[in-house]
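**Q** The structure under discussion is supplied below as structure tokens; questions concerning it will follow.
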Amino acid sequence: MTVNKLIRKLLKLKGLRVTGFEFCIRNTVLNLWVKPHKNGCLCPRCNRRGGIVHITDVPRVWRDLPVCGCSVLFWYCPREIQCPTHGRVQENIPWAEAYARITYRFEYAMLVYCQIMTQKAAAKILHIADSTLSDMLHRTITRIRDGHRIRGLKCIGIDEISYCKGHKYATIVYDLDRSCVVWVGQGKGRETIDIFFNEVLSDYQKGKIKWACCDMSETYIGAIEDHCSNAILVLDRFHIVKALNEAVDEVRKEQWRKASVDERKALKGLRWLLFKHSSNRSKKQSRILNALHKGNRRIHRAWVLKDEFEQFWDYKAPWAAERFLKGWMTTALKSRLEPIRKFVQTIKKHIGRIIPFIGSRLTNAIGEGLNRIIRIVKNRASGFRTLHAFTDMIFLTVGDLDIPAQIPVKFRAL
Ligand SMILES: [Zn+2]
């Protein structure tokens with residue numbers, strides 16, 4: 001076995017031949033002169049052999065996976081060929097995508113590492129600078145997602161997320177059936193979401209959307225109702241519960257401000273207790289809340305209303321749920337608690353978008369779950385300065401396309 005063949009076997013190089021090698025920079029870089037197997041000269045588009053029309057002596061370089069702490073670089077001078085169908089083209093490079101500076105193997109490792117660790121750690125393992133890695137990652141992901149189309153969208157969720165310290169927001173559109181992210185856009189206004197509906201989806205696709213779920217923001221509601229004429233809009237359950245909790249908390253704060261020092265003792269530690277769902281409370285906690293009946297009437301009344309409201313979600317028949325909700329609203333309006341009354345006004349306005357929950361049980365929970373993963377990715381990177389870096393990571397971790405799986409199978413071993 002020749003040394004070149006040994007290197008090829010050791011490094012598991014498929015589809016290419018090693019014609020020479022050299023170690024340099026104190027044995028930290030291995031330069032390999034390589035050549036496509038069987039002399040190459042294949043058209044990258046149709047894979048037919050063509051005659052050579054131009055040979056350069058300016059080599060190109062590709063970075064491959066490092067081996068035992070040693071960076072590996074491939075050197076080769078690609079030739080131009082004359083394809084019978086496609087004319088003058090650069091020959092196919094079997095180990096890398098055309099115009100890429102890294103090999104398929106390197107791309108695959110980079111994508112898989114970035115899914116599970118910080119880009120900084122991945123850059124260290126792959127022996128490249130952080131900035132180079134994020135640049136390469138962006139190129140690779142952009143190339144792979146290029147031409148990818150959204151398919152079979154029936155059930156969408158829309159939400160916003162902040163991606164940078166300060167107030168930079170992105171709008172995220174989820175496919176709730178397949179639990180993945182289909183689109184990310186800068187900003188959280190109407191113009192952002194309009195881009196998605198106008199430029200990304202066709203009229204046919206918009207007509208196919210049957211369900212949509214979002215929070216109570218007028219922007220998203222308006223956009224969904226304008227663009228998706230066939231969709232039934234369901235307001236997200238968790239956002240409604242959150243709004244009610246905030247109203248109850250408002251009552252508590254108001255009472256806290258009015259209370260004397262002695263009275264405040266009784267109100268201590270109530271905040272999180274009031275938020276708890278009745279099924280998660282211990283007996284002791286329930287006793288504390290019941291004691292409020294004597295301690296603070298107004299907080300008690302707010303809490304009882306909040307607890308009663310929980311029943312709404314358990315209804316199976318929409319008509320019964322609607323009857324319950326209307327009854328509840330009447331009671332709540334009589335409570336003379338301003339924050340609760342405000343909440344009732346919101347519910348009243350959106351009642352047609354809340355009742356469909358009973359039949360569909362549709363929530364943005366999947367979206368919220370994905371949001372949590374996105375937040376983990378964001379915190380791991382300590383925030384993103386640019387939206388495109390953030391978008392790359394979203395599509396890499398929870399996107400609708402399995403990005404590492406787009407690398408040819410034979411290059412996917414790590
Ligand atoms: Zn061709």
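By order in the structure tokens, chains are A, B, ...; within a chain, residues start at 1; ligands start at 1, following the order shown.
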Need the shell around Leu244 of chain A: protein/DNA/RNA residues with any atom at most 8 Å away, counting only C-alpha atoms. Skip same-chain ones fewer than 3 positions apart. Format as a list of chain:residue names?

**A**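 Close residues of Leu244 of chain A: A:Ile240, A:Val241, A:Ala247, A:Val248, A:Lys306, A:Ile340, A:Phe343.
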
**Q** Selection from above, all heavy atoms, as a PDB file, in the first residue's frame, can you write it?

**A**
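Contents of out-v9.pdb, freshly written:
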ATOM      1  N   ILE A 240     -54.787  34.147  27.214  1.00  0.00           N
ATOM      2  CA  ILE A 240     -55.997  34.604  27.911  1.00  0.00           C
ATOM      3  C   ILE A 240     -55.836  34.409  29.416  1.00  0.00           C
ATOM      4  O   ILE A 240     -56.111  35.311  30.207  1.00  0.00           O
ATOM      5  CB  ILE A 240     -57.235  33.843  27.384  1.00  0.00           C
ATOM      6  CG1 ILE A 240     -57.453  34.179  25.908  1.00  0.00           C
ATOM      7  CG2 ILE A 240     -58.478  34.191  28.207  1.00  0.00           C
ATOM      8  CD1 ILE A 240     -58.483  33.328  25.228  1.00  0.00           C
ATOM      9  N   VAL A 241     -55.351  33.222  29.789  1.00  0.00           N
ATOM     10  CA  VAL A 241     -55.118  32.950  31.218  1.00  0.00           C
ATOM     11  C   VAL A 241     -54.132  33.966  31.785  1.00  0.00           C
ATOM     12  O   VAL A 241     -54.318  34.481  32.883  1.00  0.00           O
ATOM     13  CB  VAL A 241     -54.593  31.502  31.406  1.00  0.00           C
ATOM     14  CG1 VAL A 241     -54.171  31.275  32.842  1.00  0.00           C
ATOM     15  CG2 VAL A 241     -55.655  30.501  30.989  1.00  0.00           C
ATOM     16  N   ALA A 247     -54.765  40.656  35.576  1.00  0.00           N
ATOM     17  CA  ALA A 247     -55.854  41.455  36.157  1.00  0.00           C
ATOM     18  C   ALA A 247     -55.962  41.192  37.657  1.00  0.00           C
ATOM     19  O   ALA A 247     -56.101  42.128  38.453  1.00  0.00           O
ATOM     20  CB  ALA A 247     -57.166  41.125  35.445  1.00  0.00           C
ATOM     21  N   VAL A 248     -55.874  39.901  38.032  1.00  0.00           N
ATOM     22  CA  VAL A 248     -55.943  39.550  39.452  1.00  0.00           C
ATOM     23  C   VAL A 248     -54.771  40.190  40.200  1.00  0.00           C
ATOM     24  O   VAL A 248     -54.928  40.736  41.294  1.00  0.00           O
ATOM     25  CB  VAL A 248     -55.936  38.007  39.632  1.00  0.00           C
ATOM     26  CG1 VAL A 248     -55.824  37.642  41.106  1.00  0.00           C
ATOM     27  CG2 VAL A 248     -57.178  37.400  39.030  1.00  0.00           C
ATOM     28  N   LYS A 306     -61.304  34.133  39.205  1.00  0.00           N
ATOM     29  CA  LYS A 306     -60.240  33.506  38.396  1.00  0.00           C
ATOM     30  C   LYS A 306     -60.384  31.987  38.454  1.00  0.00           C
ATOM     31  O   LYS A 306     -60.248  31.300  37.428  1.00  0.00           O
ATOM     32  CB  LYS A 306     -58.872  33.938  38.940  1.00  0.00           C
ATOM     33  CG  LYS A 306     -57.716  33.509  38.089  1.00  0.00           C
ATOM     34  CD  LYS A 306     -56.497  33.154  38.908  1.00  0.00           C
ATOM     35  CE  LYS A 306     -56.070  31.751  38.575  1.00  0.00           C
ATOM     36  NZ  LYS A 306     -55.238  31.107  39.524  1.00  0.00           N
ATOM     37  N   ILE A 340     -60.514  43.557  36.578  1.00  0.00           N
ATOM     38  CA  ILE A 340     -61.287  42.400  36.128  1.00  0.00           C
ATOM     39  C   ILE A 340     -62.306  42.844  35.081  1.00  0.00           C
ATOM     40  O   ILE A 340     -62.513  42.175  34.069  1.00  0.00           O
ATOM     41  CB  ILE A 340     -62.020  41.726  37.321  1.00  0.00           C
ATOM     42  CG1 ILE A 340     -61.021  41.262  38.377  1.00  0.00           C
ATOM     43  CG2 ILE A 340     -62.921  40.589  36.850  1.00  0.00           C
ATOM     44  CD1 ILE A 340     -60.322  39.972  38.073  1.00  0.00           C
ATOM     45  N   PHE A 343     -60.697  43.171  31.831  1.00  0.00           N
ATOM     46  CA  PHE A 343     -60.479  41.859  31.226  1.00  0.00           C
ATOM     47  C   PHE A 343     -61.769  41.369  30.561  1.00  0.00           C
ATOM     48  O   PHE A 343     -61.746  40.837  29.445  1.00  0.00           O
ATOM     49  CB  PHE A 343     -60.010  40.872  32.307  1.00  0.00           C
ATOM     50  CG  PHE A 343     -59.918  39.447  31.833  1.00  0.00           C
ATOM     51  CD1 PHE A 343     -58.885  39.035  31.014  1.00  0.00           C
ATOM     52  CD2 PHE A 343     -60.885  38.513  32.193  1.00  0.00           C
ATOM     53  CE1 PHE A 343     -58.803  37.733  30.560  1.00  0.00           C
ATOM     54  CE2 PHE A 343     -60.818  37.203  31.743  1.00  0.00           C
ATOM     55  CZ  PHE A 343     -59.775  36.818  30.921  1.00  0.00           C
TER      56      PHE A 343
END

**Q** Quick one: everything within 8 Å of Leu414 of chain A, counting only C-alpha atoms, minus sequence neighbours fewer than 2 positions away in the same chain. Send it as an MDAnalysis selection string.

**A** chainID A and resid 105 109 412

**Q** Please identify all protein, DNA and RNA residues within 10 Å of ligand 1, counting only C-alpha atoms and all ligand atoms, and report them as a compact mmCIF listing (two decimals) with N, CA and C atoms, in the first residue's frame.

**A**
# COMPACT_ATOMS: atom_id res chain seq x y z
N LEU A 42 -16.62 15.86 -14.92
CA LEU A 42 -18.06 15.64 -15.05
C LEU A 42 -18.79 16.96 -14.90
N CYS A 43 -19.89 17.08 -15.64
CA CYS A 43 -20.70 18.29 -15.53
C CYS A 43 -21.45 18.26 -14.20
N PRO A 44 -21.44 19.36 -13.44
CA PRO A 44 -22.10 19.35 -12.12
C PRO A 44 -23.62 19.21 -12.21
N ARG A 45 -24.17 19.56 -13.39
CA ARG A 45 -25.64 19.55 -13.48
C ARG A 45 -26.17 18.24 -14.05
N CYS A 46 -25.50 17.66 -15.06
CA CYS A 46 -26.04 16.44 -15.65
C CYS A 46 -25.13 15.24 -15.45
N ASN A 47 -23.95 15.46 -14.85
CA ASN A 47 -23.02 14.38 -14.55
C ASN A 47 -22.44 13.70 -15.79
N ARG A 48 -22.53 14.35 -16.96
CA ARG A 48 -21.94 13.77 -18.15
C ARG A 48 -20.51 14.27 -18.29
N ARG A 49 -19.68 13.44 -18.95
CA ARG A 49 -18.29 13.83 -19.12
C ARG A 49 -18.17 14.83 -20.27
N GLY A 50 -17.30 15.80 -20.07
CA GLY A 50 -17.10 16.80 -21.13
C GLY A 50 -15.61 16.98 -21.39
N ILE A 81 -14.87 22.61 -18.33
CA ILE A 81 -15.16 21.61 -19.36
C ILE A 81 -16.28 22.10 -20.26
N GLN A 82 -16.43 21.43 -21.37
CA GLN A 82 -17.50 21.76 -22.32
C GLN A 82 -18.55 20.64 -22.24
N CYS A 83 -19.69 20.96 -21.60
CA CYS A 83 -20.76 19.96 -21.50
C CYS A 83 -21.62 20.06 -22.75
N PRO A 84 -21.99 18.92 -23.34
CA PRO A 84 -22.83 18.97 -24.55
C PRO A 84 -24.13 19.73 -24.34
N THR A 85 -24.71 19.66 -23.16
CA THR A 85 -25.99 20.34 -22.89
C THR A 85 -25.80 21.70 -22.25
N HIS A 86 -24.90 21.79 -21.26
CA HIS A 86 -24.83 23.00 -20.46
C HIS A 86 -23.71 23.96 -20.85
N GLY A 87 -22.97 23.61 -21.87
CA GLY A 87 -21.93 24.53 -22.31
C GLY A 87 -20.72 24.52 -21.41
N ARG A 88 -20.05 25.66 -21.36
CA ARG A 88 -18.79 25.74 -20.61
C ARG A 88 -19.08 25.88 -19.12
N VAL A 89 -18.66 24.89 -18.36
CA VAL A 89 -18.90 24.91 -16.90
C VAL A 89 -17.66 24.43 -16.18
N GLU A 91 -15.88 21.89 -13.74
CA GLU A 91 -16.16 20.47 -13.48
C GLU A 91 -16.71 20.27 -12.06
N ASN A 92 -17.42 19.17 -11.90
CA ASN A 92 -18.02 18.84 -10.61
C ASN A 92 -16.94 18.51 -9.58

**Q** Quick one: contact table of segment 345-371 of chain A to segment 216-233 of chain A, 12 Å max, nearest atom pair and distance in Å to one decimal per residue, counting only C-alpha atoms, chain and number order, as a tab-separated table?

**A**
residue	atom	partner	partner_atom	distance
A:Thr346	CA	A:Met216	CA	8.7
A:Ile347	CA	A:Met216	CA	9.7
A:Lys349	CA	A:Met216	CA	10.3
A:His350	CA	A:Met216	CA	8.3
A:Ile351	CA	A:Leu233	CA	11.1
A:Gly352	CA	A:Leu233	CA	8.7
A:Arg353	CA	A:Leu233	CA	5.8
A:Ile354	CA	A:Leu233	CA	8.4
A:Ile355	CA	A:Leu233	CA	10.0
A:Pro356	CA	A:Ile232	CA	7.7
A:Phe357	CA	A:Leu233	CA	9.0
A:Gly359	CA	A:Ile232	CA	11.1
A:Ser360	CA	A:Ile232	CA	9.7
A:Arg361	CA	A:Leu233	CA	11.9
A:Leu362	CA	A:Leu233	CA	9.6
A:Thr363	CA	A:Leu233	CA	10.6
A:Asn364	CA	A:Leu233	CA	11.6

**Q** Could you pull out the residues in segment 117-349 of chain A that DSSP calls alpha helix (DSSP H) from the backbone, as a PyMOL selection string?

**A** chain A and resi 119-125+130-145+190-195+203-208+218-227+237-258+261-267+270-275+283-295+297-309+318-334+338-349

**Q** Taking into account only C-alpha atoms, which residue in the set A:Cys114, A:Asn198, A:Asp236, A:Asp262 is nearest to His138 of chain A?

**A**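 When distances to His138 of chain A are compared using only C-alpha atoms, the smallest one comes from A:Cys114.
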
**Q** What's the separation between atom CA of Gln205 of chain A and atom CA of Gly147 of chain A, in Å to one decimal place?

**A**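 Distance between the two atoms: 16.6 Å.
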